[in-house]
Every structure is written in structure tokens, then in C-alpha cells.
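Participant: Okay, here's the structure, questions in a sec.
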Amino acid sequence: MPIRKISGYRSVGILSRTVPRYFNLLEAEALLPKVERLLQDLQDYKLSYESSDAELSQIAQRVSLAGGMVPPRDRIMELRARKHASAGGLKRSIEQFEQLGCLLKDLDTGLVDFPTLYRGQEVYLCWKSGEPGITFWHRVEDGFPGRKPIDSEFLSNHKGGE
């Protein structure tokens with residue numbers, strides 16, 4: 001039966017039902033170096049996109065206010081190309097991120113969740129950029145404010161993997 005991953009979920013078979021990819025702690029931590037690289041790429045592309053867009057807006061405003069000013073066509077073309085390339089980079093990086101099966105919750109803070117099972121319920125292993133490893137989890141409905149430390153009780157009742 002063919003399997004296709006979609007945004008942290010995979011489509012299975014003819015019915016195309018989606019099931020989440022579940023991680024165990026070791027699998028999720030093994031992905032952290034790749035997740036960190038992708039986060040950095042996403043943040044860089046976002047910054048490039050936003051700065052290009054802001055400069056294009058400033059140029060448009062100056063041209064509008066000056067009335068007969070000749071727009072700096074070369075600079076506008078350069079900025080549009082950079083903005084377009086950044087948008088493409090964002091799209092590709094997001095797709096790569098989604099293929100991993102983890103969930104990007106906040107790009108600016110680098111907040112990432114990894115679906116897992118705890119006592120038969122879906123919960124998230126929770127990691128934030130800058131943390132040395134995954135040491136927290138939370139229920140889906142609790143989000144980041146509901147983070148709890150991963151302890152021996154959690155580990156003994158936690159299942160993941162595909």
C-alpha cells in the first residue's frame with residue numbers, strides 16, 4: 001500500500017486517510033540537528049523576504065510622494081527577484097520540515113512539537129530552539145504553557161515510532 005507523508009501526517013492507501021507520524025524520544029532527538037538547520041533556513045528566508053518587501057514598499061512610497069520621480073528599476077528588479085527567491089526558499093524549507101513529521105509551532109521562537117503517544121493519547125514532545133535536547137512534553141490542548149518535564153513515569157508510559 002503506498003504511503004505519502006503530508007504535513008506531519010501520511011496518507012495511507014486508497015482511502016487516503018491520514019494518520020500522524022508518532023516519534024519516540026530517541027527518534028525526535030535524532031532529528032534535532034536537521035530541525036535546527038531547517039529553522040535557521042526558514043528564519044533567514046523570512047528575514048530576506050520581509051526586508052525585500054519593506055524596501056519595495058519604501059520605494060513605492062517615495063515614487064508616489066515625488067510624483068515624477070523615475071523609479072530605480074534595477075533595484076526594484078533585484079528586490080523582486082530576492083523576494084521571489086526567498087518565498088521559494090520558505091516554501092521548500094516548510095515542505096522539508098513537514099516531511100519530517102514534526103510540527104512547527106512558532107518560527108520566531110523556534111518552537112517545535114513531535115507527536116507521540118502517552119497512555120494511549122496523542123501528546124507532543126516539545127522542543128524550543130536553544131534547548132540542549134527534548135526534555136518537555138505537553139497535551140495537545142495545553143500547548144506550550146502546559147509543558148511538563150519528561151520524567152521516568154512519562155518514559156515508561158510513552159510509545160512512539162511508526
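Simple scheme: letters A, B, ... for chains in C-alpha cells order, numbers from 1 for residues in each chain, numbers from 1 for ligands in the order shown.
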May I have all residues of segment 5-148 of chain A that DSSP, computed from the backbone, assigns to helix (DSSP H, G or I), given as a count of residues only?
Facilitator: 73
Participant: Quick one: everything within 12 Å of segment 41-49 of chain A, counting only C-alpha atoms, minus sequence neighbours fewer than 4 positions away in the same chain. Send it as an MDAnalysis selection string.
Facilitator: chainID A and resid 34:37 53:56 79:97 104 106:110 129
Participant: Please report the interatomic distance between atom CA of Ser51 of chain A and atom CA of Pro33 of chain A in Å with one decimal.
Facilitator: 27.2 Å
Participant: Write out as a PyMOL selection string all residues of chain A that DSSP puts in strand (DSSP E) for this structure's backbone.
Facilitator: chain A and resi 3-6+9-12+17-20+103-106+111-118+121-128+136-139+148-149+158-159
Participant: Please, what distance in Å, to one decimal, runs between atom CA of Arg21 of chain A and atom CA of Phe144 of chain A?
Facilitator: 20.1 Å
Participant: Give the answer as one residue: which of A:Met77, A:Leu111, A:Ala60, A:Leu100 has the shortest atom-to-atom distance to Phe136 of chain A, using only C-alpha atoms?
Facilitator: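 Once distances to Phe136 of chain A are computed over only C-alpha atoms, the minimum belongs to A:Leu111.
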Participant: So that I can see what lies close to Asp151 of chain A, please list as a PyMOL selection string the residues with an atom at most 12 Å from it, counting only C-alpha atoms and leaving out residues fewer than 2 positions away in the same chain.
Facilitator: chain A and resi 25+134-137+148-149+153-158
Participant: A:Pro115, A:Lys128, A:Gln61, A:Gly67: which is nearest Val140 of chain A, counting only C-alpha atoms?
Facilitator: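 Counting only C-alpha atoms, the residue closest to Val140 of chain A is A:Pro115.
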Participant: May I ask which of the residues A:Leu103, A:Leu32, A:Ile59, A:Leu38 is the closest one to Pro132 of chain A, counting only C-alpha atoms?
Facilitator: A:Leu32
Participant: May I ask which of the residues A:Trp127, A:Ile150, A:Glu141, A:Gln99 is the closest one to Val112 of chain A, counting only C-alpha atoms?
Facilitator: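 The closest residue to Val112 of chain A is A:Trp127.
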Participant: So, counting only C-alpha atoms, which residue among A:Cys102, A:Leu65, A:Val123, A:Leu117 is closest to Ala28 of chain A?
Facilitator: A:Cys102
